[in-house]
$ cat model-v4.cif   # mmCIF, C-alpha atoms and all ligand atoms
data_coords
#
loop_
_atom_site.label_atom_id
_atom_site.label_comp_id
_atom_site.auth_asym_id
_atom_site.auth_seq_id
_atom_site.Cartn_x
_atom_site.Cartn_y
_atom_site.Cartn_z
CA MET A 194 14.99 18.71 -10.98
CA SER A 195 13.32 21.74 -9.44
CA SER A 196 13.02 22.11 -5.69
CA PRO A 197 10.14 20.01 -4.40
CA LYS A 198 7.63 21.30 -1.87
CA ARG A 199 8.56 20.70 1.78
CA SER A 200 6.64 17.73 3.16
CA ASP A 201 4.67 18.04 6.43
CA GLU A 202 5.70 14.46 7.18
CA PRO A 203 8.16 15.44 10.00
CA VAL A 204 5.17 16.27 12.21
CA TRP A 205 3.47 12.90 11.67
CA TRP A 206 6.76 11.05 11.78
CA ALA A 207 7.66 12.66 15.14
CA LEU A 208 4.28 11.61 16.59
CA PHE A 209 4.72 8.17 15.01
CA SER A 210 8.18 7.76 16.54
CA ALA A 211 7.08 8.93 19.97
CA GLY A 212 4.07 6.61 19.73
CA GLY A 213 6.33 3.73 18.77
CA VAL A 214 8.43 4.22 21.88
CA CYS A 215 5.29 4.35 24.04
CA PHE A 216 3.92 1.24 22.32
CA ALA A 217 7.12 -0.60 23.14
CA VAL A 218 7.74 0.73 26.64
CA PHE A 219 4.44 1.60 28.35
CA LEU A 220 1.73 -0.43 26.65
CA PRO A 221 2.99 -3.97 27.37
CA GLY A 222 3.25 -3.19 31.09
CA SER A 223 -0.15 -1.52 31.17
CA ILE A 224 -1.81 -4.38 29.29
CA LEU A 225 -0.15 -6.95 31.54
CA ALA A 226 -1.19 -5.16 34.74
CA LEU A 227 -4.61 -3.81 33.80
CA GLY A 228 -5.69 -6.22 31.08
CA ILE A 229 -4.41 -9.59 32.30
CA LEU A 230 -3.17 -9.74 35.91
CA TRP A 231 -5.96 -7.63 37.37
CA PRO A 232 -8.90 -9.47 35.71
CA LEU A 233 -7.30 -12.79 36.69
CA GLY A 234 -7.18 -11.61 40.28
CA LEU A 235 -3.41 -11.96 40.43
CA LEU A 236 -2.80 -8.40 41.55
CA ASN A 237 -3.07 -7.27 45.12
CA SER A 238 -6.47 -5.59 44.75
CA SER A 239 -5.70 -2.91 47.32
CA VAL A 240 -3.26 -1.34 44.81
CA LEU A 241 -6.03 -0.90 42.29
CA GLN A 242 -8.65 0.65 44.54
CA TYR A 243 -10.46 3.58 42.90
CA ALA A 244 -9.32 6.06 45.53
CA GLN A 245 -5.74 4.98 45.32
CA LEU A 246 -5.64 5.06 41.51
CA LEU A 247 -7.32 8.44 41.48
CA SER A 248 -4.80 9.94 43.86
CA LEU A 249 -2.06 8.49 41.63
CA LEU A 250 -3.59 10.11 38.54
CA GLN A 251 -4.03 13.38 40.41
CA SER A 252 -0.47 13.54 41.67
CA GLY A 253 1.69 16.34 40.26
CA TYR A 254 -1.35 18.59 39.71
CA GLY A 255 -2.95 15.89 37.56
CA LEU A 256 0.01 15.82 35.15
CA THR A 257 0.66 12.15 35.98
CA GLY A 258 -2.81 11.21 34.78
CA LEU A 259 -2.53 13.28 31.61
CA ALA A 260 0.95 11.89 30.90
CA PHE A 261 -0.34 8.34 31.40
CA THR A 262 -3.19 8.91 28.96
CA GLY A 263 -0.82 10.58 26.52
CA ALA A 264 1.67 7.72 26.66
CA VAL A 265 -0.79 4.84 26.66
CA ILE A 266 -3.57 6.20 24.43
CA CYS A 267 -2.80 9.39 22.46
CA LEU A 268 0.70 8.79 21.08
CA PRO A 269 0.01 5.12 20.24
CA LEU A 270 -3.12 6.32 18.38
CA PHE A 271 -0.97 8.58 16.19
CA HIS A 272 1.48 5.73 15.71
CA ALA A 273 -1.32 3.46 14.52
CA ALA A 274 -2.86 6.19 12.33
CA HIS A 275 0.50 6.71 10.61
CA ARG A 276 0.90 2.97 9.99
CA ILE A 277 -2.62 2.66 8.59
CA HIS A 278 -2.18 5.72 6.38
CA HIS A 279 1.08 4.42 4.88
CA GLY A 280 -0.34 0.89 4.77
CA LEU A 281 -3.09 2.20 2.47
CA HIS A 282 -0.36 3.48 0.14
CA ASP A 283 1.39 0.09 0.19
CA LEU A 284 -1.88 -1.69 -0.58
CA LYS A 285 -2.63 0.88 -3.34
CA CYS A 286 -5.92 1.42 -1.59
CA GLY A 287 -7.29 4.96 -1.35
CA TYR A 288 -4.13 6.72 -0.15
CA SER A 289 -4.97 10.44 -0.42
CA SER A 290 -5.28 13.65 1.58
CA ALA A 291 -8.78 12.49 2.52
CA THR A 292 -7.49 9.29 4.14
CA LYS A 293 -4.73 11.32 5.76
CA LEU A 294 -7.33 13.64 7.29
CA LEU A 295 -9.40 10.63 8.35
CA CYS A 296 -6.47 8.74 9.96
CA TYR A 297 -4.83 11.62 11.81
CA GLY A 298 -8.21 13.31 12.43
CA LEU A 299 -9.50 10.18 14.13
CA ALA A 300 -6.32 9.90 16.19
CA ALA A 301 -6.64 13.56 17.21
CA ALA A 302 -10.37 13.26 18.06
CA LEU A 303 -9.91 10.09 20.12
CA SER A 304 -6.90 11.65 21.88
CA MET A 305 -8.95 14.72 22.80
CA LEU A 306 -11.72 12.49 24.11
CA ALA A 307 -9.27 10.44 26.18
CA LEU A 308 -7.62 13.55 27.61
CA TYR A 309 -11.04 15.09 28.31
CA LEU A 310 -12.21 11.99 30.19
CA THR A 311 -8.94 11.87 32.16
CA LEU A 312 -9.25 15.53 33.05
CA HIS A 313 -12.87 14.98 34.03
CA LEU A 314 -11.79 12.18 36.34
CA ILE A 315 -8.92 14.15 37.84
CA LEU A 316 -11.08 17.19 38.53
CA ALA A 317 -14.02 15.06 39.77
CA ASP A 318 -13.32 15.74 43.39
CA MET B 983 31.33 -30.31 -12.87
CA THR B 984 27.63 -30.18 -12.04
CA ASP B 985 24.81 -29.32 -14.43
CA TYR B 986 22.77 -26.34 -13.30
CA GLN B 987 19.34 -25.41 -14.66
CA LEU B 988 19.01 -21.72 -15.48
CA LEU B 989 15.70 -20.07 -16.37
CA ILE B 990 16.61 -16.79 -18.01
CA GLN B 991 14.08 -14.09 -18.80
CA ARG B 992 14.21 -13.11 -22.45
CA TYR B 993 12.58 -10.03 -23.90
CA ASP B 994 13.25 -8.08 -27.05
CA PRO B 995 10.75 -5.22 -27.17
CA GLU B 996 11.11 -4.99 -30.95
CA HIS B 997 9.88 -8.55 -31.52
CA ASP B 998 8.27 -9.94 -28.37
CA ASN B 999 4.87 -9.07 -26.97
CA GLU B 1000 5.87 -10.11 -23.49
CA PRO B 1001 8.85 -11.52 -21.60
CA ARG B 1002 9.32 -15.30 -21.41
CA LEU B 1003 11.61 -17.62 -19.46
CA GLN B 1004 14.07 -19.72 -21.45
CA ARG B 1005 15.75 -22.80 -19.97
CA PHE B 1006 19.49 -23.42 -20.33
CA THR B 1007 21.66 -26.16 -18.83
CA VAL B 1008 25.01 -24.80 -17.72
CA PRO B 1009 27.97 -26.79 -16.39
CA GLY B 1010 29.58 -25.33 -13.29
CA ASP B 1011 31.73 -26.05 -10.27
CA HIS B 1012 31.98 -24.38 -6.88
CA THR B 1013 33.66 -21.31 -8.42
CA THR B 1014 31.04 -20.62 -11.12
CA SER B 1015 29.21 -17.36 -10.57
CA VAL B 1016 25.82 -16.43 -12.02
CA LEU B 1017 27.68 -14.00 -14.31
CA ASP B 1018 30.02 -16.80 -15.49
CA ALA B 1019 26.93 -18.90 -16.24
CA LEU B 1020 25.27 -16.09 -18.18
CA LEU B 1021 28.45 -15.51 -20.19
CA TYR B 1022 28.64 -19.25 -20.89
CA VAL B 1023 25.09 -19.11 -22.27
CA GLN B 1024 25.92 -16.04 -24.36
CA GLN B 1025 29.13 -17.53 -25.76
CA LYS B 1026 28.08 -21.17 -26.22
CA ARG B 1027 24.30 -21.28 -26.53
CA ASP B 1028 22.73 -18.03 -27.67
CA VAL B 1029 24.83 -15.10 -28.72
CA THR B 1030 21.80 -12.77 -28.66
CA LEU B 1031 21.43 -12.89 -24.86
CA GLY B 1032 21.63 -9.30 -23.61
CA LEU B 1033 23.34 -8.61 -20.29
CA ARG B 1034 25.55 -5.97 -18.71
CA TRP B 1035 28.82 -6.58 -16.90
CA SER B 1036 32.36 -5.29 -16.70
CA CYS B 1037 34.65 -5.91 -13.73
CA ARG B 1038 33.61 -9.42 -12.55
CA MET B 1039 34.69 -8.41 -9.04
CA ALA B 1040 31.78 -6.52 -7.47
CA ILE B 1041 33.23 -3.09 -8.15
CA CYS B 1042 31.60 -1.69 -11.29
CA GLY B 1043 28.03 -2.43 -10.20
CA SER B 1044 26.78 -3.25 -13.69
CA CYS B 1045 25.84 -6.93 -13.40
CA GLY B 1046 22.76 -6.62 -11.15
CA VAL B 1047 19.99 -9.17 -11.85
CA MET B 1048 17.16 -10.80 -9.92
CA VAL B 1049 18.20 -14.32 -8.86
CA ASN B 1050 15.16 -16.28 -7.72
CA GLY B 1051 13.43 -12.96 -7.10
CA ILE B 1052 16.19 -11.37 -4.99
CA PRO B 1053 18.36 -8.53 -6.35
CA LYS B 1054 21.97 -9.76 -6.61
CA LEU B 1055 25.24 -8.95 -8.33
CA GLY B 1056 25.76 -11.75 -10.86
CA CYS B 1057 29.51 -11.81 -10.24
CA LYS B 1058 29.13 -12.09 -6.47
CA THR B 1059 26.48 -14.84 -6.52
CA PHE B 1060 27.46 -18.46 -6.98
CA LEU B 1061 25.59 -21.40 -8.53
CA ARG B 1062 26.79 -23.67 -5.69
CA ASP B 1063 24.35 -21.91 -3.34
CA TYR B 1064 21.31 -22.99 -5.39
CA HIS B 1065 19.95 -26.50 -5.56
CA SER B 1066 17.07 -26.40 -8.03
CA ASP B 1067 16.12 -24.16 -10.98
CA ILE B 1068 17.80 -20.76 -10.86
CA THR B 1069 15.56 -18.05 -12.28
CA ILE B 1070 17.39 -14.98 -13.57
CA GLU B 1071 15.43 -11.86 -14.44
CA PRO B 1072 16.28 -8.20 -15.02
CA LEU B 1073 16.34 -5.91 -11.97
CA ALA B 1074 12.82 -5.27 -10.69
CA HIS B 1075 11.23 -1.79 -10.81
CA PHE B 1076 13.23 -0.73 -13.87
CA ALA B 1077 12.12 -0.70 -17.51
CA VAL B 1078 13.68 -3.52 -19.53
CA GLU B 1079 15.66 -2.58 -22.62
CA LYS B 1080 16.48 -6.13 -23.66
CA ASP B 1081 16.70 -9.46 -21.80
CA LEU B 1082 18.64 -8.65 -18.58
CA ILE B 1083 19.51 -5.06 -19.49
CA VAL B 1084 17.48 -2.37 -17.74
CA ASP B 1085 17.17 1.37 -18.30
CA MET B 1086 19.00 3.15 -15.45
CA THR B 1087 18.24 6.70 -16.66
CA GLN B 1088 15.86 7.57 -13.85
CA PHE B 1089 18.16 6.10 -11.20
CA LEU B 1090 21.05 8.24 -12.48
CA ALA B 1091 18.80 11.32 -12.57
CA HIS B 1092 17.94 10.74 -8.90
CA LEU B 1093 21.62 10.42 -8.02
CA SER B 1094 22.51 13.69 -9.73
CA ALA B 1095 19.50 15.50 -8.23
CA ILE B 1096 21.10 15.49 -4.79
CA LYS B 1097 24.29 17.17 -6.05
CA PRO B 1098 26.69 14.30 -5.32
CA TYR B 1099 29.93 16.29 -5.18
CA LEU B 1100 31.77 18.48 -2.67
CA ILE B 1101 30.29 21.96 -2.56
CA ASN B 1102 32.51 24.57 -0.92
CA ASP B 1103 34.28 27.79 -1.81
CA TYR B 1104 37.72 26.33 -1.26
CA SER B 1105 39.96 27.19 -4.18
CA GLY B 1106 43.48 26.52 -2.87
CA THR B 1107 45.69 23.68 -4.01
CA ALA B 1108 46.83 22.51 -0.56
CA LEU B 1109 45.59 19.11 0.63
CA HIS B 1110 42.36 19.29 2.54
CA LYS B 1111 43.07 17.34 5.70
CA GLN B 1112 40.55 15.26 7.62
CA THR B 1113 40.87 13.57 10.98
CA PRO B 1114 40.02 9.85 11.22
CA THR B 1115 36.89 10.85 13.18
CA GLN B 1116 35.74 13.16 10.39
CA LEU B 1117 36.41 10.41 7.84
CA ALA B 1118 34.55 7.79 9.87
CA LYS B 1119 31.35 9.89 9.79
CA TYR B 1120 30.72 9.34 6.10
CA GLN B 1121 33.16 6.64 4.96
CA GLN B 1122 30.70 3.77 5.13
CA PHE B 1123 28.23 5.63 2.90
CA SER B 1124 30.93 6.44 0.35
CA ASN B 1125 31.36 2.83 -0.78
CA CYS B 1126 28.32 2.78 -3.06
CA ILE B 1127 28.96 1.22 -6.49
CA ASN B 1128 25.65 2.45 -7.99
CA CYS B 1129 24.47 -1.05 -8.83
CA GLY B 1130 20.81 -0.22 -8.23
CA LEU B 1131 20.05 -3.41 -6.24
CA CYS B 1132 18.52 -1.30 -3.44
CA TYR B 1133 16.04 0.22 -5.92
CA SER B 1134 14.93 -3.24 -6.97
CA ALA B 1135 14.56 -4.17 -3.31
CA CYS B 1136 12.60 -1.04 -2.38
CA PRO B 1137 8.81 -1.48 -2.56
CA GLN B 1138 8.33 2.28 -2.26
CA PHE B 1139 10.43 2.91 -5.38
CA GLY B 1140 8.37 0.20 -7.08
CA LEU B 1141 5.16 2.04 -6.18
CA ASN B 1142 6.50 5.52 -6.88
CA PRO B 1143 9.41 5.92 -9.31
CA GLU B 1144 9.64 9.59 -8.32
CA PHE B 1145 10.94 8.52 -4.88
CA LEU B 1146 14.63 9.51 -4.74
CA GLY B 1147 15.40 6.08 -3.37
CA PRO B 1148 18.00 4.50 -1.05
CA ALA B 1149 21.22 5.09 -3.04
CA ALA B 1150 20.51 8.77 -3.79
CA ILE B 1151 19.58 9.55 -0.19
CA THR B 1152 22.63 7.65 1.06
CA LEU B 1153 24.78 9.67 -1.32
CA ALA B 1154 23.23 12.90 -0.01
CA GLN B 1155 24.15 11.81 3.53
CA ARG B 1156 27.63 10.88 2.38
CA TYR B 1157 28.27 14.48 1.27
CA ASN B 1158 26.28 16.17 4.04
CA LEU B 1159 28.43 14.38 6.63
CA ASP B 1160 31.73 15.27 4.95
CA SER B 1161 33.67 17.95 6.85
CA ARG B 1162 34.97 19.37 3.56
CA ASP B 1163 31.46 20.04 2.28
CA ASN B 1164 29.19 23.06 2.77
CA GLY B 1165 26.43 22.00 0.41
CA LYS B 1166 23.87 20.67 2.87
CA ALA B 1167 21.53 23.63 2.40
CA ALA B 1168 21.49 22.95 -1.33
CA ARG B 1169 20.68 19.25 -0.82
CA MET B 1170 18.05 19.50 1.91
CA PRO B 1171 15.17 20.70 -0.35
CA GLN B 1172 15.31 17.37 -2.25
CA LEU B 1173 15.39 15.37 1.00
CA ASN B 1174 12.59 17.45 2.56
CA GLY B 1175 10.06 16.69 -0.18
CA LYS B 1176 7.55 13.85 -0.09
CA ASN B 1177 9.69 11.99 -2.63
CA GLY B 1178 12.84 12.58 -0.57
CA ALA B 1179 13.60 10.91 2.75
CA TRP B 1180 9.86 10.88 3.52
CA GLY B 1181 9.10 8.48 0.71
CA CYS B 1182 10.68 5.74 2.85
CA THR B 1183 8.62 3.60 5.22
CA PHE B 1184 11.66 1.81 6.66
CA VAL B 1185 11.14 -1.58 5.06
CA GLY B 1186 14.91 -2.06 5.27
CA PHE B 1187 15.28 -4.62 2.46
CA CYS B 1188 17.69 -2.19 0.72
CA SER B 1189 20.24 -2.84 3.48
CA ASP B 1190 19.75 -6.62 3.18
CA VAL B 1191 20.59 -6.69 -0.52
CA CYS B 1192 23.36 -4.05 -0.59
CA PRO B 1193 26.46 -5.92 -1.87
CA LYS B 1194 28.73 -3.40 -0.12
CA GLN B 1195 26.91 -3.48 3.26
CA LEU B 1196 26.41 0.30 3.19
CA ASP B 1197 23.22 0.09 5.21
CA PRO B 1198 21.26 2.55 3.06
CA ALA B 1199 18.23 2.19 5.36
CA ALA B 1200 20.30 3.72 8.19
CA ALA B 1201 21.34 6.59 5.92
CA VAL B 1202 17.72 7.24 4.92
CA ASN B 1203 16.64 7.32 8.55
CA GLN B 1204 19.48 9.69 9.44
CA ALA B 1205 18.22 11.84 6.57
CA LYS B 1206 14.74 11.80 8.12
CA VAL B 1207 16.18 13.12 11.38
CA GLU B 1208 18.07 15.81 9.44
CA SER B 1209 14.93 16.74 7.53
CA ALA B 1210 12.90 16.92 10.76
CA LYS B 1211 15.54 19.23 12.27
CA ASP B 1212 15.47 21.32 9.11
CA PHE B 1213 11.67 21.48 9.40
CA ILE B 1214 11.86 22.83 12.97
CA ILE B 1215 14.58 25.36 12.08
CA SER B 1216 12.53 26.57 9.12
CA MET B 1217 9.65 27.43 11.48
CA PHE B 1218 11.84 29.98 13.23
CA LYS B 1219 13.14 31.53 10.05
CA PRO B 1220 11.30 34.50 8.55
S1 LIG C 1 30.64 -7.27 -13.11
FE1 LIG C 1 31.20 -5.48 -12.04
S2 LIG C 1 29.98 -5.66 -10.25
FE2 LIG C 1 29.60 -7.52 -11.24
#

$ encode --input "model-v4.cif" --output "structure tokens" --more "lines below"
Ligand code: FES
Amino acid sequence: MSSPKRSDEPVWWALFSAGGVCFAVFLPGSILALGILWPLGLLNSSVLQYAQLLSLLQSGYGLTGLAFTGAVICLPLFHAAHRIHHGLHDLKCGYSSATKLLCYGLAAALSMLALYLTLHLILAD
Amino acid sequence: MTDYQLLIQRYDPEHDNEPRLQRFTVPGDHTTSVLDALLYVQQKRDVTLGLRWSCRMAICGSCGVMVNGIPKLGCKTFLRDYHSDITIEPLAHFAVEKDLIVDMTQFLAHLSAIKPYLINDYSGTALHKQTPTQLAKYQQFSNCINCGLCYSACPQFGLNPEFLGPAAITLAQRYNLDSRDNGKAARMPQLNGKNGAWGCTFVGFCSDVCPKQLDPAAAVNQAKVESAKDFIISMFKP
């Protein structure tokens, strides 16, 4: 067997792994707090005042906000993109470099948008 | 003695258009293995039944078959654990040569592709000593009997026969982790390819069916970490 070409999979696998950790560690808490307890009115609403949240996101020169978006949106997006891309292979359904570009491209585009909106918010005032 | 119902897949490519299941009634007690039952059929019912076996004690790795759709060693699987029809088919994902005999050529080619032997420039005759810690690093992965059950369990090998597969990648880890070996650089190119460690999506069924509890899925994931490290190092090399 001749030497095969090096795969670029380590990059996607690293993002997938990091996203998996975020999915397991940060997302459940965020969904519980922001998606369930808050809408049900079970959270002390003073904690979730706009001004207070904003100052939290802005702390550490805005790195807290960017890290939150990265952990709760960007990395999980790459995790999901990786799963969908390999799922297409398992389902024998259009697995190709085009679907790879589409999956990871979409994850990258949505991540940029999320980071842009976070930055916009942080720099708002 | 209890009567067991066996449905055995028969296929002779020289005469049959497609495989078919043939029913046999086999007497057995609590010590009768699937291999014993197959040998009973071959000796008492139909001498043309094709199957592979040798040691009868889960060492040679030649008696792998699908039992009710799960890859098993015939000699390590017992009729007493089944209560209705027992369907016995050749190992999945391999080409069938006859009845329960499959063609292992590709599997063996994958094993040899990762250079499964110590590579070093040691030429002396003195014993090469290892500490228990050095031994423990690879010992678990060295117990493979090359039965091929993990390839039948692996959906990725089923989809892509070019995938090196669980046993070959485990074997690569077994030598890469051995303190007497310096051949990692020669093995990494195979693991780094898309058909190497990266062909795995961590289904993990290989570890479930492994009759020697090697945990090939763990070895494959260790190989992914190694390949990722190799990827980063390669970026800093000219
Ligand atoms: S006959 Fe040797 S492993 Fe079953």

$ residues_near_ligand --input "model-v4.cif" --ligand "ligand LIG 1 (chain C)" --cutoff "10 Å" --atoms "all atoms listed in the file" --output "JSON, numbers by chain"
{"B": [1015, 1016, 1017, 1018, 1034, 1035, 1036, 1037, 1038, 1039, 1040, 1041, 1042, 1043, 1044, 1045, 1046, 1047, 1054, 1055, 1056, 1057, 1058, 1059, 1127, 1128, 1129, 1193]}

$ residues_around --input "model-v4.cif" --residues "region 993-997 of chain B" --least-positions-apart "6" --cutoff "12 Å" --atoms "only C-alpha atoms" --output "list in words"
Leu1003, Gln1004, Thr1030, Leu1031, Gly1032, Leu1033, Glu1071, Pro1072, Ala1077, Val1078, Glu1079, Lys1080, Asp1081, Leu1082, Ile1083 and Val1084 of chain B

$ residues_near_point --input "model-v4.cif" --point "(33.8, -20.8, -6.0)" --cutoff "10 Å" --atoms "only C-alpha atoms" --output "number ranges by chain"
B: 1010-1015, 1058-1063

$ residues_around --input "model-v4.cif" --residues "region 288-292 of chain A" --least-positions-apart "3" --cutoff "12 Å" --atoms "all atoms listed in the file" --output "PyMOL selection string"
chain A and resi 201+274-285+295-299

$ atom_distance --input "model-v4.cif" --atom1 "CA of Ser1094 (chain B)" --atom2 "CA of Phe1139 (chain B)"
16.8 Å

$ residues_around --input "model-v4.cif" --residues "Tyr309 (chain A)" --least-positions-apart "6" --cutoff "12 Å" --atoms "only C-alpha atoms" --output "PDB file with C-alpha atoms, keeping the file's coordinate frame"
ATOM      1  CA  GLY A 258      -2.810  11.210  34.780  1.00  0.00           C
ATOM      2  CA  LEU A 259      -2.530  13.280  31.610  1.00  0.00           C
ATOM      3  CA  THR A 262      -3.190   8.910  28.960  1.00  0.00           C
ATOM      4  CA  GLY A 263      -0.820  10.580  26.520  1.00  0.00           C
ATOM      5  CA  CYS A 267      -2.800   9.390  22.460  1.00  0.00           C
ATOM      6  CA  ALA A 302     -10.370  13.260  18.060  1.00  0.00           C
ATOM      7  CA  LEU A 303      -9.910  10.090  20.120  1.00  0.00           C
ATOM      8  CA  ILE A 315      -8.920  14.150  37.840  1.00  0.00           C
ATOM      9  CA  LEU A 316     -11.080  17.190  38.530  1.00  0.00           C
ATOM     10  CA  ALA A 317     -14.020  15.060  39.770  1.00  0.00           C
TER      11      ALA A 317
END

$ closest_atom_pairs --input "model-v4.cif" --of "chain A" --to "chain B" --cutoff "7 Å" --atoms "only C-alpha atoms" --output "tab-separated table"
residue	atom	partner	partner_atom	distance
A:Met194	CA	B:Ala1095	CA	6.2
A:Ser196	CA	B:Pro1171	CA	5.9
A:Pro197	CA	B:Gly1175	CA	5.4
A:Lys198	CA	B:Gly1175	CA	5.5
A:Arg199	CA	B:Gly1175	CA	4.7
A:Ser200	CA	B:Gly1175	CA	4.9
A:Glu202	CA	B:Trp1180	CA	6.6
A:Pro203	CA	B:Ala1210	CA	5.0

$ axis_aligned_box --input "model-v4.cif" --around "region 248-251 of chain A" --padding-each-side "4 Å" --output "lines of an AutoDock Vina configuration file"
center_x = -3.4
center_y = 10.9
center_z = 41.2
size_x = 10.7
size_y = 12.9
size_z = 13.3

$ residues_around --input "model-v4.cif" --residues "Gly255 (chain A)" --least-positions-apart "4" --cutoff "10 Å" --atoms "only C-alpha atoms" --output "PyMOL selection string"
chain A and resi 247-251+259-260+311-312+314-316

$ closest_residue --input "model-v4.cif" --among "B:Cys1136, B:Ala1118, B:Leu988, B:Leu1153" --to "Tyr1064 (chain B)" --atoms "only C-alpha atoms"
B:Leu988

$ residues_near_point --input "model-v4.cif" --point "(28.3, 2.3, 6.4)" --cutoff "6 Å" --atoms "all atoms listed in the file" --output "PyMOL selection string"
chain B and resi 1122-1123+1196-1197

$ write_last_selection --input "model-v4.cif" --atoms "C-alpha atoms" --output "PDB file, in the coordinates of the input"
ATOM      1  CA  GLN B1122      30.700   3.770   5.130  1.00  0.00           C
ATOM      2  CA  PHE B1123      28.230   5.630   2.900  1.00  0.00           C
ATOM      3  CA  LEU B1196      26.410   0.300   3.190  1.00  0.00           C
ATOM      4  CA  ASP B1197      23.220   0.090   5.210  1.00  0.00           C
TER       5      ASP B1197
END

$ build_atoms --input "model-v4.cif" --residues "region 1095-1109 of chain B" --atoms "N, CA, C and O atoms" --output "PDB file, keeping the file's coordinate frame"
ATOM      1  N   ALA B1095      20.376  14.486  -8.819  1.00  0.00           N
ATOM      2  CA  ALA B1095      19.500  15.500  -8.230  1.00  0.00           C
ATOM      3  C   ALA B1095      19.976  15.965  -6.852  1.00  0.00           C
ATOM      4  O   ALA B1095      19.717  17.092  -6.444  1.00  0.00           O
ATOM      5  N   ILE B1096      20.701  15.090  -6.136  1.00  0.00           N
ATOM      6  CA  ILE B1096      21.100  15.490  -4.790  1.00  0.00           C
ATOM      7  C   ILE B1096      22.494  16.126  -4.755  1.00  0.00           C
ATOM      8  O   ILE B1096      23.070  16.299  -3.711  1.00  0.00           O
ATOM      9  N   LYS B1097      22.985  16.501  -5.937  1.00  0.00           N
ATOM     10  CA  LYS B1097      24.290  17.170  -6.050  1.00  0.00           C
ATOM     11  C   LYS B1097      25.405  16.364  -5.374  1.00  0.00           C
ATOM     12  O   LYS B1097      25.941  16.769  -4.327  1.00  0.00           O
ATOM     13  N   PRO B1098      25.737  15.215  -5.963  1.00  0.00           N
ATOM     14  CA  PRO B1098      26.690  14.300  -5.320  1.00  0.00           C
ATOM     15  C   PRO B1098      28.156  14.703  -5.573  1.00  0.00           C
ATOM     16  O   PRO B1098      28.895  13.992  -6.248  1.00  0.00           O
ATOM     17  N   TYR B1099      28.537  15.840  -5.058  1.00  0.00           N
ATOM     18  CA  TYR B1099      29.930  16.290  -5.180  1.00  0.00           C
ATOM     19  C   TYR B1099      30.169  17.290  -4.070  1.00  0.00           C
ATOM     20  O   TYR B1099      29.214  17.828  -3.486  1.00  0.00           O
ATOM     21  N   LEU B1100      31.453  17.530  -3.739  1.00  0.00           N
ATOM     22  CA  LEU B1100      31.770  18.480  -2.670  1.00  0.00           C
ATOM     23  C   LEU B1100      31.395  19.887  -3.108  1.00  0.00           C
ATOM     24  O   LEU B1100      31.781  20.327  -4.191  1.00  0.00           O
ATOM     25  N   ILE B1101      30.631  20.570  -2.274  1.00  0.00           N
ATOM     26  CA  ILE B1101      30.290  21.960  -2.560  1.00  0.00           C
ATOM     27  C   ILE B1101      30.961  22.811  -1.482  1.00  0.00           C
ATOM     28  O   ILE B1101      30.676  22.654  -0.288  1.00  0.00           O
ATOM     29  N   ASN B1102      31.876  23.654  -1.874  1.00  0.00           N
ATOM     30  CA  ASN B1102      32.510  24.570  -0.920  1.00  0.00           C
ATOM     31  C   ASN B1102      33.166  25.693  -1.725  1.00  0.00           C
ATOM     32  O   ASN B1102      33.229  25.635  -2.960  1.00  0.00           O
ATOM     33  N   ASP B1103      33.629  26.730  -1.036  1.00  0.00           N
ATOM     34  CA  ASP B1103      34.280  27.790  -1.810  1.00  0.00           C
ATOM     35  C   ASP B1103      35.792  27.730  -1.628  1.00  0.00           C
ATOM     36  O   ASP B1103      36.480  28.731  -1.675  1.00  0.00           O
ATOM     37  N   TYR B1104      36.293  26.535  -1.438  1.00  0.00           N
ATOM     38  CA  TYR B1104      37.720  26.330  -1.260  1.00  0.00           C
ATOM     39  C   TYR B1104      38.387  26.305  -2.642  1.00  0.00           C
ATOM     40  O   TYR B1104      37.999  25.531  -3.507  1.00  0.00           O
ATOM     41  N   SER B1105      39.361  27.161  -2.842  1.00  0.00           N
ATOM     42  CA  SER B1105      39.960  27.190  -4.180  1.00  0.00           C
ATOM     43  C   SER B1105      41.466  26.933  -4.165  1.00  0.00           C
ATOM     44  O   SER B1105      42.095  26.910  -5.211  1.00  0.00           O
ATOM     45  N   GLY B1106      42.023  26.729  -2.961  1.00  0.00           N
ATOM     46  CA  GLY B1106      43.480  26.520  -2.870  1.00  0.00           C
ATOM     47  C   GLY B1106      43.904  25.182  -3.450  1.00  0.00           C
ATOM     48  O   GLY B1106      43.074  24.372  -3.866  1.00  0.00           O
ATOM     49  N   THR B1107      45.186  24.937  -3.470  1.00  0.00           N
ATOM     50  CA  THR B1107      45.690  23.680  -4.010  1.00  0.00           C
ATOM     51  C   THR B1107      46.229  22.769  -2.902  1.00  0.00           C
ATOM     52  O   THR B1107      46.552  21.615  -3.153  1.00  0.00           O
ATOM     53  N   ALA B1108      46.309  23.310  -1.667  1.00  0.00           N
ATOM     54  CA  ALA B1108      46.830  22.510  -0.560  1.00  0.00           C
ATOM     55  C   ALA B1108      45.876  21.357  -0.258  1.00  0.00           C
ATOM     56  O   ALA B1108      44.672  21.446  -0.520  1.00  0.00           O
ATOM     57  N   LEU B1109      46.425  20.259   0.273  1.00  0.00           N
ATOM     58  CA  LEU B1109      45.590  19.110   0.630  1.00  0.00           C
ATOM     59  C   LEU B1109      44.575  19.512   1.691  1.00  0.00           C
ATOM     60  O   LEU B1109      44.891  20.273   2.598  1.00  0.00           O
TER      61      LEU B1109
END
